[in-house]
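Data first, discussion second: the structure below is written as structure tokens.
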Amino acid sequence: MDLCQPSVIRQLMEEAGIRFRKDFGQNFLINPAVPERIADSCADREDCMVLEIGPGIGCLTRELALRYEKVVAIEIDRGLLPVLAKTLADCPNAHVVNADVMKIDIPRLIKEEAEGRDVVVCANLPYYITTPILMRLLECGVPFRSITVMVQAEVATRLTAKAGESDYGAITAVLGYYGDVKRLFTVPAGCFMPAPKVNSAVIRIDLHKKCPYDVLDRSLFFGLIKAAFGQRRKTLVNAITSSYQSFSKDCVIKALNQLGFSETVRGERLSTSDFAALSDLLYEAKEGFSSK
Ligand code: SAM
């Protein structure tokens, strides 16, 4: 059964009495080379467990199950369960969990399912919640080896931008804290049914085994990034001092100068490592002040 054949997809859905759910971001792959390539790219060892989000009718799930020891796929749409039972019937190492990835206890699921295996994430993400899903995966505390996901091409450009580029934003700086991101390949809109309006791209985030940014105060670090990009048109000094009344302009300017930036610099020029250094300097300045 070719799960990337539009007629097969339609027939499977008809038999299950279901339709494409736009509200769940259902755009299924119809070019078999794409799930093969995503599955090839998502892990370096066969003996790992793959956590898939949104298996749809199972075209990527099958490719993952062929290559890796175990696959656990979280699917929100209950209507797809009988389809998946059919399409994954000959994949005993693939297991579907009917749940919302934004609500399920991911650490618990991994603890129950991984049985000591390394875990990687692989998904053709539903576009309506790409960033919240990515943030949830990054913040849930599970030491995933890597996260390989298909996202809208423009989102991929944002996620892989470098400091100083126009697409660089808060999410890029935050992502840098968790891992190294690279764009793997572009997937034209015509590879999906129904076809979305824009192209997609696959990115892979290799998570740091040990975070290189040992920031003194994580909430200050993330808060500074949020402040910097929440008020993009302001200089970084003004953006920070309007969000944090506890820091004077002089104190922020001094910290920026120490890092080699001028007082007129904007947030988009700072890399993750610059934000980490700035956060530590401001934290120490605050501590020094409060202990006087
Ligand atoms: N993997 C399939 C493919 O590549 O053809 C389908 C990908 S489709 C873009 C996104 C899938 O995510 C759909 O199956 C959709 O039902 C599922 N989904 C949407 N929101 C979800 C959520 N919050 N939790 C789990 N699955 C979700």
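Please note that chains go A, B, ... in the order of the structure tokens, that every chain numbers its residues from 1, and that ligands are numbered from 1 in the order shown.
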Legend entry - Neighbour list for segment 257-274 of chain A as a PyMOL selection string, cut-off 7 Å, only C-alpha atoms, skip fewer than 2 positions in-chain: chain A and resi 163-164+168-169+173-174+176-177+213+228-229+232+234-237+253-255+276-278
Filtering to N, CA, C and O atoms, could you give me those residues as a CSV table (one decimal), in the first residue's frame?
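Done, and the output landed in out.csv:
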```csv
chain,number,residue,atom,x,y,z
A,163,ALA,N,22.6,36.0,14.1
A,163,ALA,CA,22.4,37.4,14.7
A,163,ALA,C,22.8,38.4,13.7
A,163,ALA,O,23.8,38.3,13.0
A,164,GLY,N,21.9,39.4,13.6
A,164,GLY,CA,22.2,40.5,12.7
A,164,GLY,C,21.4,40.4,11.4
A,164,GLY,O,21.2,41.3,10.7
A,168,TYR,N,16.3,37.1,12.1
A,168,TYR,CA,16.7,36.6,13.5
A,168,TYR,C,15.8,37.2,14.5
A,168,TYR,O,15.4,38.4,14.4
A,169,GLY,N,15.3,36.4,15.4
A,169,GLY,CA,14.3,36.9,16.4
A,169,GLY,C,14.5,36.1,17.7
A,169,GLY,O,15.4,35.4,17.9
A,173,ALA,N,17.2,33.2,19.1
A,173,ALA,CA,18.1,33.3,20.2
A,173,ALA,C,17.9,32.3,21.3
A,173,ALA,O,18.8,31.7,21.8
A,174,VAL,N,16.6,32.0,21.5
A,174,VAL,CA,16.2,31.0,22.6
A,174,VAL,C,16.7,29.6,22.1
A,174,VAL,O,17.2,28.8,22.9
A,176,GLY,N,19.1,28.8,20.2
A,176,GLY,CA,20.5,28.6,20.4
A,176,GLY,C,21.0,28.2,21.8
A,176,GLY,O,22.0,27.6,21.9
A,177,TYR,N,20.1,28.5,22.7
A,177,TYR,CA,20.4,28.1,24.1
A,177,TYR,C,20.3,26.6,24.2
A,177,TYR,O,21.1,25.9,25.0
A,213,TYR,N,25.9,27.5,27.9
A,213,TYR,CA,25.6,28.8,28.5
A,213,TYR,C,25.1,28.5,29.9
A,213,TYR,O,23.9,28.2,30.1
A,228,ALA,N,14.1,42.3,24.4
A,228,ALA,CA,14.8,42.9,23.3
A,228,ALA,C,14.0,42.8,22.0
A,228,ALA,O,14.0,43.7,21.2
A,229,PHE,N,13.3,41.6,21.8
A,229,PHE,CA,12.5,41.4,20.6
A,229,PHE,C,11.1,41.9,20.7
A,229,PHE,O,10.4,42.1,19.6
A,232,ARG,N,11.3,45.7,19.3
A,232,ARG,CA,12.4,45.6,18.3
A,232,ARG,C,12.9,47.0,17.8
A,232,ARG,O,14.1,47.1,17.5
A,234,LYS,N,13.1,49.7,19.4
A,234,LYS,CA,13.9,50.5,20.4
A,234,LYS,C,15.3,50.0,20.5
A,234,LYS,O,15.6,48.8,20.1
A,235,THR,N,16.2,50.9,21.0
A,235,THR,CA,17.6,50.4,21.2
A,235,THR,C,17.4,49.3,22.3
A,235,THR,O,16.5,49.3,23.1
A,236,LEU,N,18.5,48.5,22.4
A,236,LEU,CA,18.4,47.4,23.5
A,236,LEU,C,18.4,48.1,24.9
A,236,LEU,O,17.7,47.6,25.8
A,237,VAL,N,19.1,49.2,25.0
A,237,VAL,CA,19.1,49.8,26.3
A,237,VAL,C,17.7,50.3,26.7
A,237,VAL,O,17.2,50.0,27.8
A,253,ILE,N,24.2,50.2,29.7
A,253,ILE,CA,25.2,50.7,28.7
A,253,ILE,C,26.6,50.1,29.1
A,253,ILE,O,27.4,49.7,28.2
A,254,LYS,N,26.9,50.2,30.4
A,254,LYS,CA,28.2,49.7,30.8
A,254,LYS,C,28.4,48.2,30.5
A,254,LYS,O,29.5,47.8,30.0
A,255,ALA,N,27.4,47.4,30.7
A,255,ALA,CA,27.4,46.0,30.4
A,255,ALA,C,27.6,45.8,28.9
A,255,ALA,O,28.4,45.0,28.5
A,276,ALA,N,23.6,35.7,26.9
A,276,ALA,CA,24.0,35.0,28.1
A,276,ALA,C,25.0,35.8,28.9
A,276,ALA,O,24.9,36.0,30.1
A,277,ALA,N,26.0,36.4,28.2
A,277,ALA,CA,27.0,37.2,28.9
A,277,ALA,C,26.3,38.5,29.4
A,277,ALA,O,26.6,38.9,30.6
A,278,LEU,N,25.4,39.1,28.7
A,278,LEU,CA,24.8,40.3,29.1
A,278,LEU,C,23.9,40.0,30.4
A,278,LEU,O,24.0,40.8,31.4
```
Inset, instruction - Name each residue within 7 Å of ligand 1, counting only C-alpha atoms and all ligand atoms, as a count of residues only. - result: 28
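Shortest separation to Met13 of chain A among A:Ala39, A:Leu81, A:Ile30, A:Ala89 occurs at residue A:Leu81, atoms counted being only C-alpha atoms.
Considering only C-alpha atoms, the residue among A:Arg45, A:Leu175, A:Pro194, A:Ser200 positioned nearest to Val155 of chain A is A:Ser200.
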Legend entry - Secondary structure check, alpha helix (DSSP H) residues of segment 76-160 of chain A, as a ChimeraX atom specification: /A:81-87,106-114,130-139,153-159
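If you look at atom CA of Thr160 of chain A and atom CA of Val202 of chain A, they are 11.0 Å away from each other.
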Inset, instruction - Once DSSP has gone over the backbone, tell me which residues of segment 21-267 of chain A are in strand (DSSP E), as a PyMOL selection string. - result: chain A and resi 28-29+49-53+70-75+94-98+119-124+146-152+179-187+192-193+200-207
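The environment of Ile110 of chain A within 12 Å, counting only C-alpha atoms and disregarding residues fewer than 5 places along the same chain, consists of Cys48, Met49, Val50, Leu51, Glu52, Lys70, Val71, Val72, Ala73, Ile74, Val97, Ile104, Asp105, Glu115, Gly116, Arg117, Asp118, Val119, Val120, Val121, Leu137, Cys140, Gly141, Val142, Pro143 and Phe144 of chain A.
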Residues of the last selection are to be written out with N, CA, C and O atoms, as an mmCIF file, in the first residue's frame.
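Generated file (result07.cif):
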```
data_model
loop_
_atom_site.group_PDB
_atom_site.id
_atom_site.type_symbol
_atom_site.label_atom_id
_atom_site.label_comp_id
_atom_site.auth_asym_id
_atom_site.auth_seq_id
_atom_site.Cartn_x
_atom_site.Cartn_y
_atom_site.Cartn_z
ATOM 1 N N CYS A 48 17.705 3.594 18.549
ATOM 2 C CA CYS A 48 17.081 4.660 19.341
ATOM 3 C C CYS A 48 15.552 4.532 19.307
ATOM 4 O O CYS A 48 15.002 3.680 18.605
ATOM 5 N N MET A 49 14.903 5.377 20.097
ATOM 6 C CA MET A 49 13.443 5.486 19.987
ATOM 7 C C MET A 49 13.125 6.827 19.321
ATOM 8 O O MET A 49 13.743 7.837 19.639
ATOM 9 N N VAL A 50 12.172 6.787 18.396
ATOM 10 C CA VAL A 50 11.756 8.029 17.743
ATOM 11 C C VAL A 50 10.389 8.425 18.282
ATOM 12 O O VAL A 50 9.458 7.610 18.284
ATOM 13 N N LEU A 51 10.276 9.652 18.728
ATOM 14 C CA LEU A 51 8.980 10.204 19.116
ATOM 15 C C LEU A 51 8.472 11.003 17.927
ATOM 16 O O LEU A 51 9.106 11.994 17.533
ATOM 17 N N GLU A 52 7.362 10.545 17.339
ATOM 18 C CA GLU A 52 6.788 11.293 16.213
ATOM 19 C C GLU A 52 5.571 12.073 16.700
ATOM 20 O O GLU A 52 4.809 11.578 17.559
ATOM 21 N N LYS A 70 12.397 1.598 17.771
ATOM 22 C CA LYS A 70 11.051 1.818 18.312
ATOM 23 C C LYS A 70 10.529 3.194 17.882
ATOM 24 O O LYS A 70 11.294 4.161 17.809
ATOM 25 N N VAL A 71 9.214 3.260 17.607
ATOM 26 C CA VAL A 71 8.585 4.537 17.247
ATOM 27 C C VAL A 71 7.334 4.714 18.102
ATOM 28 O O VAL A 71 6.501 3.801 18.190
ATOM 29 N N VAL A 72 7.224 5.873 18.749
ATOM 30 C CA VAL A 72 5.993 6.205 19.475
ATOM 31 C C VAL A 72 5.445 7.465 18.815
ATOM 32 O O VAL A 72 6.154 8.471 18.686
ATOM 33 N N ALA A 73 4.195 7.388 18.347
ATOM 34 C CA ALA A 73 3.625 8.501 17.593
ATOM 35 C C ALA A 73 2.405 9.062 18.328
ATOM 36 O O ALA A 73 1.480 8.321 18.647
ATOM 37 N N ILE A 74 2.421 10.371 18.590
ATOM 38 C CA ILE A 74 1.309 11.020 19.292
ATOM 39 C C ILE A 74 0.386 11.666 18.255
ATOM 40 O O ILE A 74 0.817 12.557 17.505
ATOM 41 N N VAL A 97 -0.171 6.801 20.220
ATOM 42 C CA VAL A 97 -0.814 7.296 21.442
ATOM 43 C C VAL A 97 -1.778 8.404 21.016
ATOM 44 O O VAL A 97 -1.375 9.358 20.358
ATOM 45 N N ILE A 104 -0.082 16.217 26.848
ATOM 46 C CA ILE A 104 0.433 14.956 27.391
ATOM 47 C C ILE A 104 1.707 15.206 28.221
ATOM 48 O O ILE A 104 2.467 16.141 27.926
ATOM 49 N N ASP A 105 1.892 14.363 29.247
ATOM 50 C CA ASP A 105 3.084 14.456 30.093
ATOM 51 C C ASP A 105 4.240 13.781 29.323
ATOM 52 O O ASP A 105 4.395 12.553 29.361
ATOM 53 N N GLU A 115 12.662 2.926 27.626
ATOM 54 C CA GLU A 115 13.408 1.811 28.233
ATOM 55 C C GLU A 115 14.923 1.982 28.050
ATOM 56 O O GLU A 115 15.605 1.070 27.590
ATOM 57 N N GLY A 116 15.387 3.177 28.372
ATOM 58 C CA GLY A 116 16.827 3.437 28.345
ATOM 59 C C GLY A 116 17.395 3.818 26.985
ATOM 60 O O GLY A 116 18.569 4.155 26.876
ATOM 61 N N ARG A 117 16.573 3.779 25.932
ATOM 62 C CA ARG A 117 17.102 4.141 24.597
ATOM 63 C C ARG A 117 17.291 5.659 24.497
ATOM 64 O O ARG A 117 16.565 6.412 25.148
ATOM 65 N N ASP A 118 18.216 6.074 23.632
ATOM 66 C CA ASP A 118 18.285 7.488 23.259
ATOM 67 C C ASP A 118 16.995 7.830 22.528
ATOM 68 O O ASP A 118 16.451 6.975 21.815
ATOM 69 N N VAL A 119 16.522 9.067 22.692
ATOM 70 C CA VAL A 119 15.268 9.442 22.037
ATOM 71 C C VAL A 119 15.493 10.642 21.115
ATOM 72 O O VAL A 119 16.156 11.618 21.495
ATOM 73 N N VAL A 120 14.964 10.538 19.907
ATOM 74 C CA VAL A 120 14.973 11.679 18.984
ATOM 75 C C VAL A 120 13.518 11.985 18.625
ATOM 76 O O VAL A 120 12.657 11.108 18.728
ATOM 77 N N VAL A 121 13.274 13.231 18.226
ATOM 78 C CA VAL A 121 11.929 13.616 17.779
ATOM 79 C C VAL A 121 11.962 13.776 16.270
ATOM 80 O O VAL A 121 12.948 14.276 15.709
ATOM 81 N N LEU A 137 8.720 20.918 23.586
ATOM 82 C CA LEU A 137 9.716 19.841 23.520
ATOM 83 C C LEU A 137 11.032 20.275 24.168
ATOM 84 O O LEU A 137 11.662 19.519 24.899
ATOM 85 N N CYS A 140 10.589 20.681 28.142
ATOM 86 C CA CYS A 140 9.990 19.616 28.970
ATOM 87 C C CYS A 140 11.014 18.851 29.809
ATOM 88 O O CYS A 140 10.645 18.044 30.657
ATOM 89 N N GLY A 141 12.279 19.096 29.574
ATOM 90 C CA GLY A 141 13.303 18.494 30.427
ATOM 91 C C GLY A 141 13.789 17.128 29.953
ATOM 92 O O GLY A 141 14.663 16.547 30.586
ATOM 93 N N VAL A 142 13.236 16.609 28.837
ATOM 94 C CA VAL A 142 13.719 15.319 28.324
ATOM 95 C C VAL A 142 14.985 15.584 27.484
ATOM 96 O O VAL A 142 14.978 16.461 26.627
ATOM 97 N N PRO A 143 16.066 14.824 27.740
ATOM 98 C CA PRO A 143 17.292 15.064 26.962
ATOM 99 C C PRO A 143 17.242 14.423 25.569
ATOM 100 O O PRO A 143 17.966 13.467 25.283
ATOM 101 N N PHE A 144 16.339 14.942 24.703
ATOM 102 C CA PHE A 144 16.282 14.420 23.329
ATOM 103 C C PHE A 144 17.648 14.623 22.683
ATOM 104 O O PHE A 144 18.301 15.640 22.908
#
```
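Considering the residues A:Glu112, A:Asp167, A:Glu154, A:Asp217 and counting only C-alpha atoms, Val187 of chain A has its shortest atom-to-atom contact with A:Glu154.
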